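J.: The structure under discussion is supplied below as structure tokens; questions concerning it will follow.
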Amino acid sequence: MVSPSYYLTLSAILFGLGVIGFLFKRNIITLFMSIELMLNAVNLAFVTFSRQWGELSGQVYVFFVIIVAAAEAAVGLAIILLLARNRQTLNVERINLLKL
Amino acid sequence: MTEGHLQTYVPLLIHMLVAMGLAGALLLASRWVGPRRPSRAKLQAYECGIPPLGDAREPFAVKFYLVAIAFILFDAETMFLFPWAYAFRDLGWFGFGAIGIFILFLAAGDIYLWKKGVFDWNR
Amino acid sequence: MLPAATDYYRLLPEILAAVFGTIVMLLEPFLRREHKAALSWLGMLGAAAALGAAVLVRSDAGPAFFHLIQADPFTFFLRLLIYATALLVMLAARAYLDRENLPHGEFYALVLLGSVGMGVMAAAAELVTVFIGLEISSLSTYILASYRREALRANESALKYFLLGSFATAFFLFGVALVYGATGTARLEQVAEGVASVLLLKLGLALVFIGLAFKVASAPFHVWTPDVYEGAPAPVTALLSTAPKAAAFAVLLRIAGTVLPATLLWFWVLWGSAALTMFVGNLAALVQSNVKRMLAYSSIAHAGYILVALAAGTEAAYAAALYYLAAYALMKLGAFTLVAHLAGRGERRLTLEDYAGLARREPVVAATLSLYLLSLLGLPLTAGFLGKFYVFVAGLRAELLGLVVLAAVNTLLGAYYYLRVILYMYFREPDPTYEHAAREPVPAGTGLVLAATAAGTLLLGIFPGHLMRIAELAAASFR
């Protein structure tokens, strides 16, 4: 059996990659995928901890995270679609997202 | 973790190497052995036998996206049916009722989409 | 091990709101266009039913669904706040949706379903349940924020809200995973017991805080707030700035109240965040000429005052925070509803200039808005004053002199921009070249909401006793 710490390290790396992708990319779809990556990193952590504690609830949590990620994807894509349609362009990179 | 445990993965590694090697070898072999006589028709993109029209990156109509978005949701929700099916006997009528309510809510969403005309292709 | 009838009973308000929300959604495509506005009655009935159920369930406090849910006086207080807010938002929204020519059914359905999520957050005694509630409420509010579909600015702000919101939720969730890893449970009562790795627990709780800090719009996680509050339809802004914020504060309060390591770990974080949030909100509000945006920054500042109470961390401070949340919800609901009405079709009249000389044209409306603004400022005899008073006293009792002094300084800063609006309304002659819209009469629903919130602001300011007792009972739930 591979030690859990490897999985946890992988999970942390994936989560970190998601954060970096979110902060440094400019394409909206990429930002969106970064968030999905972060959620899946969480799933890996949940499953690993569940195994470590010998307790099943961690794996049940994963179900809910996947469902929520799907619902989030649906809402997010709908909003992106709306914006793309109103802008008359599918090039979502041009949206001035970071104006404060 | 010890060396011994990693050995479990050795067959998998061999399998991967063989698969990659075979695929590469076949591609290279066809390149060396086969004759190459390019013509206009052969260089066209393959579109299931139909002559390709226009750009491949043509934007899709919005209704396709709507169906795709709805699909993501219903596809993922199906996941809850598997644990229920697995524990079907233990959960008994309670589980049946619970999953029934769950599907009822899904059906409500489906009816809403239907009446809104998301699945109406001729709109 | 199956749930019993009491489990469902203790979750009855949320179940009712979910069923009503679904029915509203389902009926919408079946009704003819001219009948769709009538769905507002069904929506309001749903919120009223949830309110009634909350009162009914009140006597039967206890855990439900294997300790995932906790129905106690604390949950009761927040359910009252959340469903009453949903009810008032729907009451005021009907005229707005008619004016802006926006679809009715989905709005009421989303408000109800969103309030289900907030109710679950308030009642949750386990972190993954909190997460699910958080997502139900967030997904509804993301859609509501983009409700004006053809307004480009609204689309952009909704997208920003969605992306940053999901980003923050991912942090929250990773925090939950780490807490689960450190303790082997996500149930708040058990989190403090049997900690395998203190470092993991601390890291997890820190990430959980980041996720929630985003939802309550506290600095430095507030950057989305002004744009989203400005871009969203005004009734949605009224909702966004009250109920989801209260629900996120509820989670913060429950964690701080039940998980001792969190209380200790979060103290300086709360202290710093409170100070920063108050200053960021108030200083930015000073320079705004758009009233809706100014109120958005003022919401940030108010989150800072509530964080002062959380930093104090005593039972009295938690009661004060709850009281503040209720008072704040009343004034913000009223203020944004009034702004929605005055902005006119397409929400075009939002600048200070549009408010010049309002007192002469519409004395009652101007007086009502002044009441909200004075309450937001914290003038005696208003709910806002007592909210601040309780928070400051609790802060002093907890020996947070520095933070309370900062909060007092911020109250003075706030006075400038609240009073400026009042000055414009009463003493500023409107620019003769500026063309004012022909004033519309206040619609009945909007009028009712304004009357209710104005009366509430005054009543809570003069007779705070009853609500404060409920808040004290609620805060005692964590003992």
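The way I read the labels, and the way they are meant: chains A, B, ... in the order of the structure tokens, residue 1 as the first residue of every chain, and ligand 1 as the first ligand shown, with later ones counted on from there.
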Tell me, as a ChimeraX atom specification, which residues lie within 7 Å of C:Val259, counting only C-alpha atoms; anything in the same chain fewer than 2 positions away does not count.
T.: /C:188-189,191-192,255-257,261-263
J.: Each residue of chain B lying at most 10 Å from chain C should get a row with its shortest atom-to-atom pair and the distance in Å to one decimal, counting only C-alpha atoms; could you produce that, ordered by chain and increasing number, as a Markdown table?
T.:
```
| residue | atom | partner | partner_atom | distance |
| --- | --- | --- | --- | --- |
| B:Leu91 | CA | C:Leu2 | CA | 8.7 |
| B:Phe94 | CA | C:Leu2 | CA | 8.0 |
| B:Gly95 | CA | C:Leu2 | CA | 9.4 |
| B:Phe105 | CA | C:Thr22 | CA | 7.8 |
| B:Ala107 | CA | C:Leu26 | CA | 9.9 |
| B:Ala108 | CA | C:Leu26 | CA | 6.3 |
| B:Gly109 | CA | C:Leu26 | CA | 7.6 |
| B:Asp110 | CA | C:Leu26 | CA | 9.5 |
| B:Ile111 | CA | C:Leu26 | CA | 7.3 |
| B:Tyr112 | CA | C:Leu26 | CA | 5.7 |
| B:Leu113 | CA | C:Pro29 | CA | 8.9 |
| B:Trp114 | CA | C:Pro29 | CA | 9.2 |
| B:Lys115 | CA | C:Pro29 | CA | 5.9 |
| B:Lys116 | CA | C:Pro29 | CA | 6.2 |
| B:Gly117 | CA | C:Pro29 | CA | 9.6 |
```
J.: Considering only C-alpha atoms, extract the chain A residues located within 12 Å of chain B and return them as a PyMOL selection string.
T.: chain A and resi 1-6+59-82+84-85+88-91
J.: Write the residues of the preceding selection, restricted to C-alpha atoms, as a PDB file, in the first residue's frame.
T.:
```pdb
ATOM      1  CA  MET A   1       0.000   0.000   0.000  1.00  0.00           C
ATOM      2  CA  VAL A   2       1.218   3.472  -0.851  1.00  0.00           C
ATOM      3  CA  SER A   3       1.439   5.769   2.151  1.00  0.00           C
ATOM      4  CA  PRO A   4      -1.431   8.303   2.459  1.00  0.00           C
ATOM      5  CA  SER A   5       0.979  11.197   2.654  1.00  0.00           C
ATOM      6  CA  TYR A   6       1.719  10.780  -1.057  1.00  0.00           C
ATOM      7  CA  GLN A  59     -16.211   8.988   0.618  1.00  0.00           C
ATOM      8  CA  VAL A  60     -19.842  10.045   0.885  1.00  0.00           C
ATOM      9  CA  TYR A  61     -18.694  13.671   1.016  1.00  0.00           C
ATOM     10  CA  VAL A  62     -17.070  13.140  -2.380  1.00  0.00           C
ATOM     11  CA  PHE A  63     -20.471  12.365  -3.865  1.00  0.00           C
ATOM     12  CA  PHE A  64     -21.811  15.679  -2.697  1.00  0.00           C
ATOM     13  CA  VAL A  65     -18.766  17.567  -3.896  1.00  0.00           C
ATOM     14  CA  ILE A  66     -19.103  16.052  -7.372  1.00  0.00           C
ATOM     15  CA  ILE A  67     -22.791  16.956  -7.545  1.00  0.00           C
ATOM     16  CA  VAL A  68     -22.135  20.472  -6.363  1.00  0.00           C
ATOM     17  CA  ALA A  69     -19.320  20.827  -8.895  1.00  0.00           C
ATOM     18  CA  ALA A  70     -21.720  19.757 -11.647  1.00  0.00           C
ATOM     19  CA  ALA A  71     -24.369  22.222 -10.508  1.00  0.00           C
ATOM     20  CA  GLU A  72     -21.754  24.932 -10.306  1.00  0.00           C
ATOM     21  CA  ALA A  73     -20.586  24.072 -13.812  1.00  0.00           C
ATOM     22  CA  ALA A  74     -24.145  24.356 -15.110  1.00  0.00           C
ATOM     23  CA  VAL A  75     -24.713  27.769 -13.543  1.00  0.00           C
ATOM     24  CA  GLY A  76     -21.269  29.027 -14.487  1.00  0.00           C
ATOM     25  CA  LEU A  77     -21.532  27.950 -18.096  1.00  0.00           C
ATOM     26  CA  ALA A  78     -24.966  29.552 -18.316  1.00  0.00           C
ATOM     27  CA  ILE A  79     -23.567  32.867 -17.086  1.00  0.00           C
ATOM     28  CA  ILE A  80     -20.589  32.634 -19.456  1.00  0.00           C
ATOM     29  CA  LEU A  81     -22.968  31.844 -22.304  1.00  0.00           C
ATOM     30  CA  LEU A  82     -25.129  34.847 -21.459  1.00  0.00           C
ATOM     31  CA  ALA A  84     -20.743  35.652 -24.698  1.00  0.00           C
ATOM     32  CA  ARG A  85     -24.093  36.173 -26.388  1.00  0.00           C
ATOM     33  CA  GLN A  88     -21.541  39.093 -29.697  1.00  0.00           C
ATOM     34  CA  THR A  89     -18.284  37.239 -29.337  1.00  0.00           C
ATOM     35  CA  LEU A  90     -17.129  33.932 -27.989  1.00  0.00           C
ATOM     36  CA  ASN A  91     -13.750  35.346 -27.107  1.00  0.00           C
TER      37      ASN A  91
END
```
J.: Once you count only C-alpha atoms, what closest atom pair and distance in Å to one decimal does each residue of chain C within 8 Å of chain A have, with rows by chain and rising residue number, as JSON lines?
T.:
```
{"residue": "C:Val128", "atom": "CA", "partner": "A:Tyr61", "partner_atom": "CA", "distance": 7.0}
{"residue": "C:Ile132", "atom": "CA", "partner": "A:Val68", "partner_atom": "CA", "distance": 7.6}
{"residue": "C:Glu135", "atom": "CA", "partner": "A:Val68", "partner_atom": "CA", "distance": 7.1}
{"residue": "C:Leu139", "atom": "CA", "partner": "A:Glu72", "partner_atom": "CA", "distance": 6.8}
{"residue": "C:Tyr142", "atom": "CA", "partner": "A:Val75", "partner_atom": "CA", "distance": 7.7}
{"residue": "C:Ile143", "atom": "CA", "partner": "A:Val75", "partner_atom": "CA", "distance": 7.1}
{"residue": "C:Ser146", "atom": "CA", "partner": "A:Ile79", "partner_atom": "CA", "distance": 7.3}
{"residue": "C:Arg149", "atom": "CA", "partner": "A:Leu82", "partner_atom": "CA", "distance": 7.1}
{"residue": "C:Glu150", "atom": "CA", "partner": "A:Asn86", "partner_atom": "CA", "distance": 6.7}
{"residue": "C:Leu152", "atom": "CA", "partner": "A:Asn86", "partner_atom": "CA", "distance": 6.7}
{"residue": "C:Asn155", "atom": "CA", "partner": "A:Leu83", "partner_atom": "CA", "distance": 5.8}
{"residue": "C:Glu156", "atom": "CA", "partner": "A:Leu83", "partner_atom": "CA", "distance": 7.0}
{"residue": "C:Ala158", "atom": "CA", "partner": "A:Ile79", "partner_atom": "CA", "distance": 7.4}
{"residue": "C:Leu159", "atom": "CA", "partner": "A:Ile79", "partner_atom": "CA", "distance": 6.2}
{"residue": "C:Lys160", "atom": "CA", "partner": "A:Leu97", "partner_atom": "CA", "distance": 6.5}
{"residue": "C:Phe162", "atom": "CA", "partner": "A:Gly76", "partner_atom": "CA", "distance": 6.7}
{"residue": "C:Leu163", "atom": "CA", "partner": "A:Phe32", "partner_atom": "CA", "distance": 7.0}
{"residue": "C:Ser166", "atom": "CA", "partner": "A:Ile35", "partner_atom": "CA", "distance": 6.9}
{"residue": "C:Phe167", "atom": "CA", "partner": "A:Ile35", "partner_atom": "CA", "distance": 6.0}
{"residue": "C:Ala170", "atom": "CA", "partner": "A:Leu39", "partner_atom": "CA", "distance": 5.9}
{"residue": "C:Leu173", "atom": "CA", "partner": "A:Val42", "partner_atom": "CA", "distance": 6.9}
{"residue": "C:Phe174", "atom": "CA", "partner": "A:Val42", "partner_atom": "CA", "distance": 5.4}
{"residue": "C:Ala177", "atom": "CA", "partner": "A:Phe46", "partner_atom": "CA", "distance": 5.6}
{"residue": "C:Leu178", "atom": "CA", "partner": "A:Ala45", "partner_atom": "CA", "distance": 7.7}
{"residue": "C:Tyr180", "atom": "CA", "partner": "A:Phe49", "partner_atom": "CA", "distance": 7.2}
{"residue": "C:Gly181", "atom": "CA", "partner": "A:Phe49", "partner_atom": "CA", "distance": 5.1}
{"residue": "C:Gly184", "atom": "CA", "partner": "A:Trp53", "partner_atom": "CA", "distance": 6.0}
{"residue": "C:Val223", "atom": "CA", "partner": "A:Leu100", "partner_atom": "CA", "distance": 6.9}
{"residue": "C:Asp227", "atom": "CA", "partner": "A:Leu100", "partner_atom": "CA", "distance": 7.8}
```
J.: If we count only C-alpha atoms, what is near stretch 303-311 of chain C at a cut-off of 8 Å, once residues fewer than 6 positions away on the same chain are taken out, given as a ChimeraX atom specification?
T.: /C:216-218,253,256,266-268,270-271,273-278,317-318,320-321,324-325,388,391-392,394-395,403-404,407
J.: Go ahead and save the picked residues with C-alpha atoms, as a compact mmCIF listing (two decimals), in the first residue's frame.
T.:
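Once written, again_27.txt looks like this:
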```txt
# COMPACT_ATOMS: atom_id res chain seq x y z
CA VAL C 216 -19.73 37.96 4.52
CA ALA C 217 -17.74 40.35 2.31
CA SER C 218 -15.09 41.19 4.87
CA LEU C 253 -20.76 32.16 15.02
CA ALA C 256 -16.58 30.06 16.96
CA TRP C 266 -9.39 33.07 14.94
CA PHE C 267 -9.05 35.77 17.58
CA TRP C 268 -6.37 37.89 15.92
CA LEU C 270 -11.08 38.39 13.49
CA TRP C 271 -9.50 41.40 15.15
CA SER C 273 -10.27 41.53 9.65
CA ALA C 274 -12.78 43.62 11.65
CA ALA C 275 -10.49 46.66 11.70
CA LEU C 276 -9.56 46.36 8.03
CA THR C 277 -13.15 45.73 6.92
CA MET C 278 -14.51 48.80 8.73
CA ALA C 317 -21.12 39.59 22.16
CA TYR C 318 -22.75 36.81 20.13
CA ALA C 320 -25.12 41.55 20.16
CA ALA C 321 -23.96 40.23 16.77
CA TYR C 324 -26.99 43.71 14.89
CA LEU C 325 -27.68 41.30 12.03
CA LYS C 388 -23.66 49.35 17.67
CA VAL C 391 -21.51 45.45 20.12
CA PHE C 392 -19.34 48.20 21.62
CA ALA C 394 -19.60 43.63 24.54
CA GLY C 395 -16.26 44.61 23.01
CA LEU C 403 -10.90 47.68 18.40
CA VAL C 404 -13.86 49.52 19.93
CA ALA C 407 -15.10 51.14 15.46
```
J.: What does the distance from atom CA of C:Ala246 to atom CA of C:Leu352 come to in Å, to one decimal?
T.: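 For atom CA of C:Ala246 relative to atom CA of C:Leu352, the distance reads 28.6 Å.
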J.: Using atom CA of C:Leu199 and atom CA of C:Ala182 as the two end points, give the distance in Å to one decimal.
T.: 8.2 Å
J.: Just want the 9 Å neighbourhood of C:Arg254, counted on only C-alpha atoms, with same-chain residues fewer than 3 positions away dropped. Output as a ChimeraX atom specification.
T.: /C:74,122,124-125,188,249-251,257-259,478
J.: Residues as selected, C-alpha atoms, written as a PDB file, in the first residue's frame, can you do that?
T.:
```pdb
ATOM      1  CA  PHE C  74     -29.897  30.028  17.506  1.00  0.00           C
ATOM      2  CA  ALA C 122     -27.998  28.307   9.899  1.00  0.00           C
ATOM      3  CA  ALA C 124     -26.112  22.831  10.097  1.00  0.00           C
ATOM      4  CA  ALA C 125     -24.027  21.273  12.847  1.00  0.00           C
ATOM      5  CA  LEU C 188     -18.649  20.539  14.926  1.00  0.00           C
ATOM      6  CA  PHE C 249     -22.218  34.901   9.932  1.00  0.00           C
ATOM      7  CA  ALA C 250     -24.353  32.190  11.498  1.00  0.00           C
ATOM      8  CA  VAL C 251     -21.822  29.578  10.418  1.00  0.00           C
ATOM      9  CA  GLY C 257     -19.114  29.075  19.622  1.00  0.00           C
ATOM     10  CA  THR C 258     -18.677  25.291  19.465  1.00  0.00           C
ATOM     11  CA  VAL C 259     -15.116  24.653  18.335  1.00  0.00           C
ATOM     12  CA  PHE C 478     -23.637  27.133  22.392  1.00  0.00           C
TER      13      PHE C 478
END
```
J.: Run DSSP on the backbone and grab whatever in chain B lands in helix (DSSP H, G or I); send it over as a ChimeraX atom specification.
T.: /B:3-33,40-43,62-86,88-116
J.: Dump C-alpha atoms for the selected residues as a short mmCIF file (atom, residue, chain, number, x, y, z; two decimals), in the first residue's frame?
T.:
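again_13.cif written:
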```cif
data_model
loop_
_atom_site.label_atom_id
_atom_site.label_comp_id
_atom_site.auth_asym_id
_atom_site.auth_seq_id
_atom_site.Cartn_x
_atom_site.Cartn_y
_atom_site.Cartn_z
CA GLU B 3 10.34 -1.28 -2.39
CA GLY B 4 8.22 -4.41 -2.33
CA HIS B 5 4.97 -2.49 -2.66
CA LEU B 6 6.03 -0.60 -5.72
CA GLN B 7 6.67 -3.90 -7.45
CA THR B 8 2.93 -4.40 -7.67
CA TYR B 9 2.94 -1.75 -10.36
CA VAL B 10 5.68 -3.34 -12.47
CA PRO B 11 3.27 -5.36 -14.69
CA LEU B 12 1.26 -2.19 -15.26
CA LEU B 13 4.43 -0.38 -16.31
CA ILE B 14 5.35 -3.19 -18.69
CA HIS B 15 1.84 -3.11 -20.12
CA MET B 16 2.07 0.62 -20.75
CA LEU B 17 5.47 0.33 -22.38
CA VAL B 18 4.29 -2.48 -24.65
CA ALA B 19 1.16 -0.54 -25.63
CA MET B 20 3.09 2.60 -26.44
CA GLY B 21 5.76 0.66 -28.27
CA LEU B 22 3.25 -1.24 -30.35
CA ALA B 23 1.31 1.89 -31.32
CA GLY B 24 4.51 3.72 -32.25
CA ALA B 25 5.85 0.75 -34.19
CA LEU B 26 2.65 0.42 -36.23
CA LEU B 27 2.61 4.12 -37.09
CA LEU B 28 6.24 4.05 -38.15
CA ALA B 29 5.78 0.83 -40.13
CA SER B 30 2.87 2.24 -42.14
CA ARG B 31 4.90 5.36 -42.86
CA TRP B 32 7.89 3.35 -44.16
CA VAL B 33 6.07 0.57 -45.98
CA ARG B 40 -6.74 16.89 -53.15
CA ALA B 41 -9.51 14.57 -52.10
CA LYS B 42 -7.25 12.65 -49.74
CA LEU B 43 -6.01 15.77 -47.98
CA VAL B 62 -27.14 28.26 -28.28
CA LYS B 63 -29.68 25.48 -27.91
CA PHE B 64 -26.89 22.92 -28.08
CA TYR B 65 -25.23 24.54 -25.10
CA LEU B 66 -28.47 24.50 -23.15
CA VAL B 67 -28.88 20.79 -23.70
CA ALA B 68 -25.24 20.25 -22.78
CA ILE B 69 -25.67 22.19 -19.55
CA ALA B 70 -28.81 20.23 -18.67
CA PHE B 71 -26.98 17.03 -19.49
CA ILE B 72 -24.14 17.78 -17.04
CA LEU B 73 -26.66 18.12 -14.25
CA PHE B 74 -28.79 15.06 -14.92
CA ASP B 75 -25.72 12.99 -15.69
CA ALA B 76 -24.09 13.78 -12.37
CA GLU B 77 -27.29 13.37 -10.36
CA THR B 78 -27.57 9.80 -11.61
CA MET B 79 -24.58 9.07 -9.41
CA PHE B 80 -26.82 8.96 -6.35
CA LEU B 81 -28.70 6.02 -7.82
CA PHE B 82 -25.67 3.74 -7.60
CA PRO B 83 -25.21 3.64 -3.82
CA TRP B 84 -28.96 3.25 -3.47
CA ALA B 85 -29.00 0.35 -5.91
CA TYR B 86 -26.07 -1.23 -4.08
CA PHE B 88 -31.27 -1.65 -2.16
CA ARG B 89 -32.16 -4.61 0.07
CA ASP B 90 -30.90 -3.06 3.29
CA LEU B 91 -32.66 0.24 2.72
CA GLY B 92 -35.98 -1.35 1.86
CA TRP B 93 -39.07 0.79 1.43
CA PHE B 94 -37.46 3.76 3.13
CA GLY B 95 -34.73 3.87 0.54
CA PHE B 96 -37.26 3.42 -2.21
CA GLY B 97 -39.30 6.36 -0.94
CA ALA B 98 -36.21 8.53 -0.52
CA ILE B 99 -34.90 7.86 -3.99
CA GLY B 100 -38.46 8.37 -5.31
CA ILE B 101 -38.55 11.86 -3.82
CA PHE B 102 -35.10 12.56 -5.24
CA ILE B 103 -36.22 11.50 -8.72
CA LEU B 104 -39.40 13.52 -8.32
CA PHE B 105 -37.31 16.66 -7.83
CA LEU B 106 -35.21 15.75 -10.86
CA ALA B 107 -38.39 15.20 -12.85
CA ALA B 108 -39.62 18.64 -11.79
CA GLY B 109 -36.49 20.13 -13.31
CA ASP B 110 -36.96 18.05 -16.42
CA ILE B 111 -40.57 19.13 -16.87
CA TYR B 112 -39.53 22.75 -16.42
CA LEU B 113 -36.87 22.45 -19.12
CA TRP B 114 -39.28 20.65 -21.42
CA LYS B 115 -42.02 23.22 -21.10
CA LYS B 116 -39.47 25.99 -21.60
#
```
J.: Could you give me, as a ChimeraX atom specification, each residue of stretch 12-237 of chain C that DSSP assigns to strand (DSSP E or B) when run on this structure's backbone?
T.: /C:62-64,69-71,124,126,187
J.: Those same residues, written as a PDB file, in the first residue's frame with C-alpha atoms?
T.:
```
ATOM      1  CA  GLY C  62     -32.545  19.245  19.411  1.00  0.00           C
ATOM      2  CA  PRO C  63     -30.399  17.504  16.853  1.00  0.00           C
ATOM      3  CA  ALA C  64     -31.756  15.942  13.671  1.00  0.00           C
ATOM      4  CA  ILE C  69     -28.711  19.470  11.754  1.00  0.00           C
ATOM      5  CA  GLN C  70     -29.232  21.295  15.013  1.00  0.00           C
ATOM      6  CA  ALA C  71     -32.581  22.961  15.660  1.00  0.00           C
ATOM      7  CA  ALA C 124     -26.112  22.831  10.097  1.00  0.00           C
ATOM      8  CA  GLU C 126     -21.616  19.595  10.475  1.00  0.00           C
ATOM      9  CA  ARG C 187     -19.298  17.296  13.115  1.00  0.00           C
TER      10      ARG C 187
END
```
J.: Report the distance between atom CA of C:Leu16 and atom CA of C:Leu39 in Å, rounded to one decimal place.
T.: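 Atom CA of C:Leu39 lies at a distance of 16.1 Å from atom CA of C:Leu16.
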